[in-house]
Structure formats: structure tokens, C-alpha cells
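*Asks:* Sharing a structure, written as C-alpha cells. Questions coming.
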Number of protein chains: 2
Amino acid sequence: MRELYLIRHGLAGERGTYANDDERPLTDTGIKRTRQVAKRLKQLGLQFDVLLSSPLVRARQTAELLQAAGLARAVTITTTLAPGGSLPTWMADYGDRPWQRLALVGHEPDLGLWAEQLVWSRPSGQLVVKKAGVIGLEVPETHLALGSARLFWLTPPRLLL
Amino acid sequence: MRELYLIRHGLAGERGTYANDDERPLTDTGIKRTRQVAKRLKQLGLQFDVLLSSPLVRARQTAELLQAAGLARAVTITTTLAPGGSLPTWMADYGDRPWQRLALVGHEPDLGLWAEQLVWSRPSGQLVVKKAGVIGLEVPETHLALGSARLFWLTPPRLLL
């Protein structure tokens, strides 16, 4: 089994405070909290051989904090993880590459809907994914398809730290 | 929102080592690990106003360790939580009582299937629920129905401790 981690960006500034929403950064509290989450993930023994991020500033900053904590060697920015990104496109790009533990940093509601589709084939919006929250899926070694994953982890920061 | 926690019993002796499987107790490692989980749940600020358990020894012991950690004042044993128990019967008994945070200790595959039915209306067997693992559901204040819950937490002990 391979492991796929879907991580939501940390606490960012208020929507509407930046002319371009893509530029909205993490707040000081968001940086502190995300750094704590990253440290805790490392302490739990996690290590990602691939770490992907949405191109938006708040996601990139989150991925960089994960990298800085030693969870991955590099961050790859991919536009398929921007808000409203296409799961089939992402799967075509990354689903069948030879990773063992892939983490991606993105946005809600996409992450919860993607996880539901990978596990139960259908998006329902019934997962609660908090900022800097983590979803963990077991996925097949050979081919990532809708409905092929199992959910083994879902945690908000308050129940992790 | 009310919170419903489904907790799987800790590590027990090998199946087949007891004439009556209902009597199979936690192992020493199971007791130690379950005690650590209980302590951690308390540390995270959890408190259950109702704590239910399956009548099987391994579940009762698990519930008693949760109680001993200060997570609940009492343990109530209910046969609806025995392996193969009926979710509709349990819901008729407990779904609409005035609890705010109810925890129940039971068995797999029932707990994962119950959680899936409460959240997505259908049991699929796609949740990985480890021994002494915890599922957390947000459920409506007024009426607990299939498909009315949201999943906010799922954790194996290894990602909690």
C-alpha cells in the first residue's frame, strides 16, 4: 500500500484583504500553528518522497513549512492543486508515478471532495477538513482509481497537537 | 452540534485461545497502549457525558480504562454494541437522548460500517479502524439519522501517541 496525504493550508488572512486572493499569506498565528503541525508530523515518523503544493501563497507557505521541518526534500508547485482543480487531471499527472508517500497541500472544499471520490467514488462534502488539517489515504501500489483508496486518518490540528 | 465517538477495543489475546470468545481479555500490551490512548484523549480535552460499551470483556476493559483516565463518570454496558449489533436498534435506544458527547466502545467491522452509514448512509468498509483507534462524528442536536453526520476525526493510536 502507498500512502497519500492531503493537507489543507494553514490559517491565512481574511478573504478580501488582498486585491489578488492568490497572494493572501498565512497569518502569524497560521505560521506558528502550521509549524507546530509540521513538527508533530515529523515526530510521528512521517516522511514524504513527493510533496506537491497549490500555487497560491498560503498553500506554498504551508508546504515550505512542511519541507523546513524535514518532511520532504523538495516542494513541487502544480496548478492542478489550485482551488477548483481537477482530480482526474491530477490523477493523470501523479496517480501512477512511483511514489510511496505523497503529500499535497491544497484547498477546501476540494481536498475533502477529492478524498471522498478516491475512497467512495462520490463527492458528498461530509468530511470536516480544518486549516492545517490532514487526511491520510491508503492507495493501491499499482493504479490509483476513484473508489480504490481507504481512509486511515483525518485530524484537525486541535486533536493532533 | 453534538459529538459521537466510536472507539475500538484495544489489543486482545489471539482469537481461539478462549473457549468463549466473549471472555477474551486485553493483553498486557493492549492494556498499556489503551491506557496511553485514554490519557492522551483526556490531555486533548475530551470528556464524555455518556460512555457505552459492548458487553465483551475486551471492550469493557477498554471502556473502564477510559473511565479510569477521567474521560467519563460511568460505563454503561449495552448488548446492542456486541459484534454484529444493529445500528437502527442502537439509534432507537440512544440517538435522541440528550447527550452532548457520547463515546461507545465496540468492535470491527461494525464501528467503521456504522460510521459510514451515519455519514454517507451506506456501509462500504472503506474506513481503516485500528485497535484502540477513534472515530469522531459531528451529529445534529435534534435527531440522529443515517447520512446526518460529518466525519471530523479518525485516528489510529500510532498517529495519536
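Labels used: A, B, ... for chains in the order of the C-alpha cells, numbers from 1 for residues in each chain, and numbers from 1 for ligands as shown.
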Determine which residues of chain B sit within 7 Å of chain A, taking into account only C-alpha atoms, and present them as a ChimeraX atom specification.

*Replies:* /B:44,119,126-128,150-155,159-160

*Asks:* Can I get the selection written as an mmCIF file, in the first residue's frame, with N, CA, C and O atoms?

*Replies:*
data_model
loop_
_atom_site.group_PDB
_atom_site.id
_atom_site.type_symbol
_atom_site.label_atom_id
_atom_site.label_comp_id
_atom_site.auth_asym_id
_atom_site.auth_seq_id
_atom_site.Cartn_x
_atom_site.Cartn_y
_atom_site.Cartn_z
ATOM 1 N N LEU B 44 -6.127 15.918 25.481
ATOM 2 C CA LEU B 44 -6.662 16.707 24.362
ATOM 3 C C LEU B 44 -7.954 17.433 24.750
ATOM 4 O O LEU B 44 -8.535 18.146 23.936
ATOM 5 N N VAL B 119 -22.668 8.779 8.275
ATOM 6 C CA VAL B 119 -22.168 9.915 7.483
ATOM 7 C C VAL B 119 -22.686 9.866 6.040
ATOM 8 O O VAL B 119 -23.174 10.864 5.520
ATOM 9 N N GLN B 126 -14.691 1.089 3.954
ATOM 10 C CA GLN B 126 -13.521 1.822 3.460
ATOM 11 C C GLN B 126 -12.802 2.641 4.538
ATOM 12 O O GLN B 126 -11.876 3.381 4.219
ATOM 13 N N LEU B 127 -13.247 2.503 5.796
ATOM 14 C CA LEU B 127 -12.530 3.162 6.887
ATOM 15 C C LEU B 127 -11.605 2.142 7.545
ATOM 16 O O LEU B 127 -12.009 1.017 7.813
ATOM 17 N N VAL B 128 -10.363 2.544 7.797
ATOM 18 C CA VAL B 128 -9.401 1.690 8.496
ATOM 19 C C VAL B 128 -9.480 2.038 9.985
ATOM 20 O O VAL B 128 -9.078 3.140 10.377
ATOM 21 N N ARG B 150 -21.199 14.201 10.112
ATOM 22 C CA ARG B 150 -19.984 14.531 9.362
ATOM 23 C C ARG B 150 -18.792 13.960 10.119
ATOM 24 O O ARG B 150 -18.762 13.964 11.350
ATOM 25 N N LEU B 151 -17.812 13.469 9.359
ATOM 26 C CA LEU B 151 -16.613 12.876 9.969
ATOM 27 C C LEU B 151 -15.579 13.974 10.206
ATOM 28 O O LEU B 151 -15.160 14.645 9.268
ATOM 29 N N PHE B 152 -15.169 14.164 11.486
ATOM 30 C CA PHE B 152 -14.134 15.173 11.751
ATOM 31 C C PHE B 152 -12.842 14.560 12.269
ATOM 32 O O PHE B 152 -11.811 15.239 12.359
ATOM 33 N N TRP B 153 -12.866 13.258 12.609
ATOM 34 C CA TRP B 153 -11.674 12.641 13.197
ATOM 35 C C TRP B 153 -11.656 11.161 12.930
ATOM 36 O O TRP B 153 -12.698 10.495 13.031
ATOM 37 N N LEU B 154 -10.502 10.658 12.586
ATOM 38 C CA LEU B 154 -10.266 9.214 12.508
ATOM 39 C C LEU B 154 -8.788 9.047 12.777
ATOM 40 O O LEU B 154 -7.959 9.615 12.064
ATOM 41 N N THR B 155 -8.449 8.307 13.831
ATOM 42 C CA THR B 155 -7.019 8.173 14.100
ATOM 43 C C THR B 155 -6.660 6.799 14.646
ATOM 44 O O THR B 155 -7.356 6.269 15.520
ATOM 45 N N LEU B 159 -0.753 7.373 15.345
ATOM 46 C CA LEU B 159 -0.727 8.768 14.920
ATOM 47 C C LEU B 159 -1.352 9.692 15.969
ATOM 48 O O LEU B 159 -1.624 10.861 15.721
ATOM 49 N N LEU B 160 -1.571 9.123 17.141
ATOM 50 C CA LEU B 160 -2.160 9.892 18.247
ATOM 51 C C LEU B 160 -1.147 10.046 19.373
ATOM 52 O O LEU B 160 -1.124 11.060 20.069
#

*Asks:* Name the residues of region 37-161 of chain B that fall into helix (DSSP H, G or I) according to DSSP on the backbone, using the chain letters and numbers of this document, as number ranges by chain.

*Replies:* B: 37-43, 57-68, 79-81, 87-95, 110-120, 157-159

*Asks:* I want to know what sits within 12 Å of Gly70 (chain A), based on only C-alpha atoms, with residues of the same chain fewer than 2 positions away left out; could you give that as a list in words?

*Replies:*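 The residues that qualify are Arg35, Ala38, Lys39, Arg40, Leu41, Lys42, Gln43, Gly45, Leu46, Gln47, Phe48, Asp49, Leu51, Ala63, Glu64, Leu65, Leu66, Gln67, Ala68, Ala72, Arg73, Ala74 and Val75 of chain A.
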
*Asks:* Please determine, counting only C-alpha atoms, which residue among A:Ser121, A:Ser53, A:Thr34, A:Thr62 has the shortest atom-to-atom distance to Leu81 (chain A).

*Replies:* A:Ser53

*Asks:* Mind checking DSSP for region 1-144 of chain A and telling me the strand (DSSP E or B) residues as a ChimeraX atom specification?

*Replies:* /A:2-8,12,26,50-53,76-77,101-106,127,134-139

*Asks:* Given the choices B:Ala59, B:Leu102, B:Ala145, B:Leu113, which gets closest to Arg8 (chain B) if the distance is worked out from only C-alpha atoms?

*Replies:*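 Of B:Ala59, B:Leu102, B:Ala145, B:Leu113, the one nearest Arg8 (chain B), counting only C-alpha atoms, is B:Ala59.
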
*Asks:* Calculated over only C-alpha atoms, which of the candidates B:Ile7, B:Met1, B:Leu111, B:Ala92 has the smallest distance to Val37 (chain B)?

*Replies:*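 Answer, going by the shortest atom-to-atom distance: B:Ile7.
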
*Asks:* Would you mind listing what lies within 10 Å of Thr142 (chain B) as a PyMOL selection string, with only C-alpha atoms counted and same-chain residues fewer than 6 positions away left out?

*Replies:* chain B and resi 1-2+95-98

*Asks:* Once you have the residues from the selection above, write them out as a PDB file, in the first residue's frame, restricted to all heavy atoms.

*Replies:*
ATOM      1  N   MET B   1     -23.953  21.412  17.399  1.00  0.00           N
ATOM      2  CA  MET B   1     -23.549  20.048  17.037  1.00  0.00           C
ATOM      3  C   MET B   1     -23.183  19.214  18.270  1.00  0.00           C
ATOM      4  O   MET B   1     -22.477  19.688  19.162  1.00  0.00           O
ATOM      5  CB  MET B   1     -22.322  20.090  16.117  1.00  0.00           C
ATOM      6  CG  MET B   1     -22.663  20.328  14.663  1.00  0.00           C
ATOM      7  SD  MET B   1     -23.440  18.864  13.945  1.00  0.00           S
ATOM      8  CE  MET B   1     -24.015  19.557  12.398  1.00  0.00           C
ATOM      9  N   ARG B   2     -23.612  17.966  18.273  1.00  0.00           N
ATOM     10  CA  ARG B   2     -23.153  17.021  19.288  1.00  0.00           C
ATOM     11  C   ARG B   2     -22.000  16.207  18.706  1.00  0.00           C
ATOM     12  O   ARG B   2     -21.802  16.201  17.486  1.00  0.00           O
ATOM     13  CB  ARG B   2     -24.301  16.078  19.655  1.00  0.00           C
ATOM     14  CG  ARG B   2     -25.486  16.807  20.262  1.00  0.00           C
ATOM     15  CD  ARG B   2     -26.562  15.826  20.684  1.00  0.00           C
ATOM     16  NE  ARG B   2     -27.162  15.138  19.533  1.00  0.00           N
ATOM     17  CZ  ARG B   2     -27.969  14.071  19.641  1.00  0.00           C
ATOM     18  NH1 ARG B   2     -28.240  13.561  20.824  1.00  0.00           N
ATOM     19  NH2 ARG B   2     -28.497  13.531  18.566  1.00  0.00           N
ATOM     20  N   GLY B  95     -29.927   7.428  20.118  1.00  0.00           N
ATOM     21  CA  GLY B  95     -29.732   8.511  19.154  1.00  0.00           C
ATOM     22  C   GLY B  95     -30.290   9.846  19.598  1.00  0.00           C
ATOM     23  O   GLY B  95     -29.663  10.885  19.394  1.00  0.00           O
ATOM     24  N   ASP B  96     -31.459   9.821  20.209  1.00  0.00           N
ATOM     25  CA  ASP B  96     -32.133  11.085  20.512  1.00  0.00           C
ATOM     26  C   ASP B  96     -32.170  11.430  21.994  1.00  0.00           C
ATOM     27  O   ASP B  96     -32.896  12.327  22.416  1.00  0.00           O
ATOM     28  CB  ASP B  96     -33.538  11.072  19.910  1.00  0.00           C
ATOM     29  CG  ASP B  96     -33.474  10.974  18.387  1.00  0.00           C
ATOM     30  OD1 ASP B  96     -32.435  11.353  17.813  1.00  0.00           O
ATOM     31  OD2 ASP B  96     -34.447  10.495  17.779  1.00  0.00           O
ATOM     32  N   ARG B  97     -31.360  10.733  22.784  1.00  0.00           N
ATOM     33  CA  ARG B  97     -31.258  11.143  24.197  1.00  0.00           C
ATOM     34  C   ARG B  97     -30.446  12.438  24.283  1.00  0.00           C
ATOM     35  O   ARG B  97     -29.689  12.764  23.367  1.00  0.00           O
ATOM     36  CB  ARG B  97     -30.553  10.050  25.006  1.00  0.00           C
ATOM     37  CG  ARG B  97     -31.410   8.784  25.105  1.00  0.00           C
ATOM     38  CD  ARG B  97     -30.908   7.895  26.224  1.00  0.00           C
ATOM     39  NE  ARG B  97     -31.477   6.558  26.097  1.00  0.00           N
ATOM     40  CZ  ARG B  97     -31.254   5.574  26.948  1.00  0.00           C
ATOM     41  NH1 ARG B  97     -30.439   5.786  27.990  1.00  0.00           N
ATOM     42  NH2 ARG B  97     -31.796   4.389  26.786  1.00  0.00           N
ATOM     43  N   PRO B  98     -30.560  13.159  25.392  1.00  0.00           N
ATOM     44  CA  PRO B  98     -29.938  14.498  25.452  1.00  0.00           C
ATOM     45  C   PRO B  98     -28.461  14.489  25.827  1.00  0.00           C
ATOM     46  O   PRO B  98     -28.047  15.212  26.723  1.00  0.00           O
ATOM     47  CB  PRO B  98     -30.769  15.202  26.524  1.00  0.00           C
ATOM     48  CG  PRO B  98     -31.151  14.096  27.456  1.00  0.00           C
ATOM     49  CD  PRO B  98     -31.338  12.865  26.606  1.00  0.00           C
TER      50      PRO B  98
END
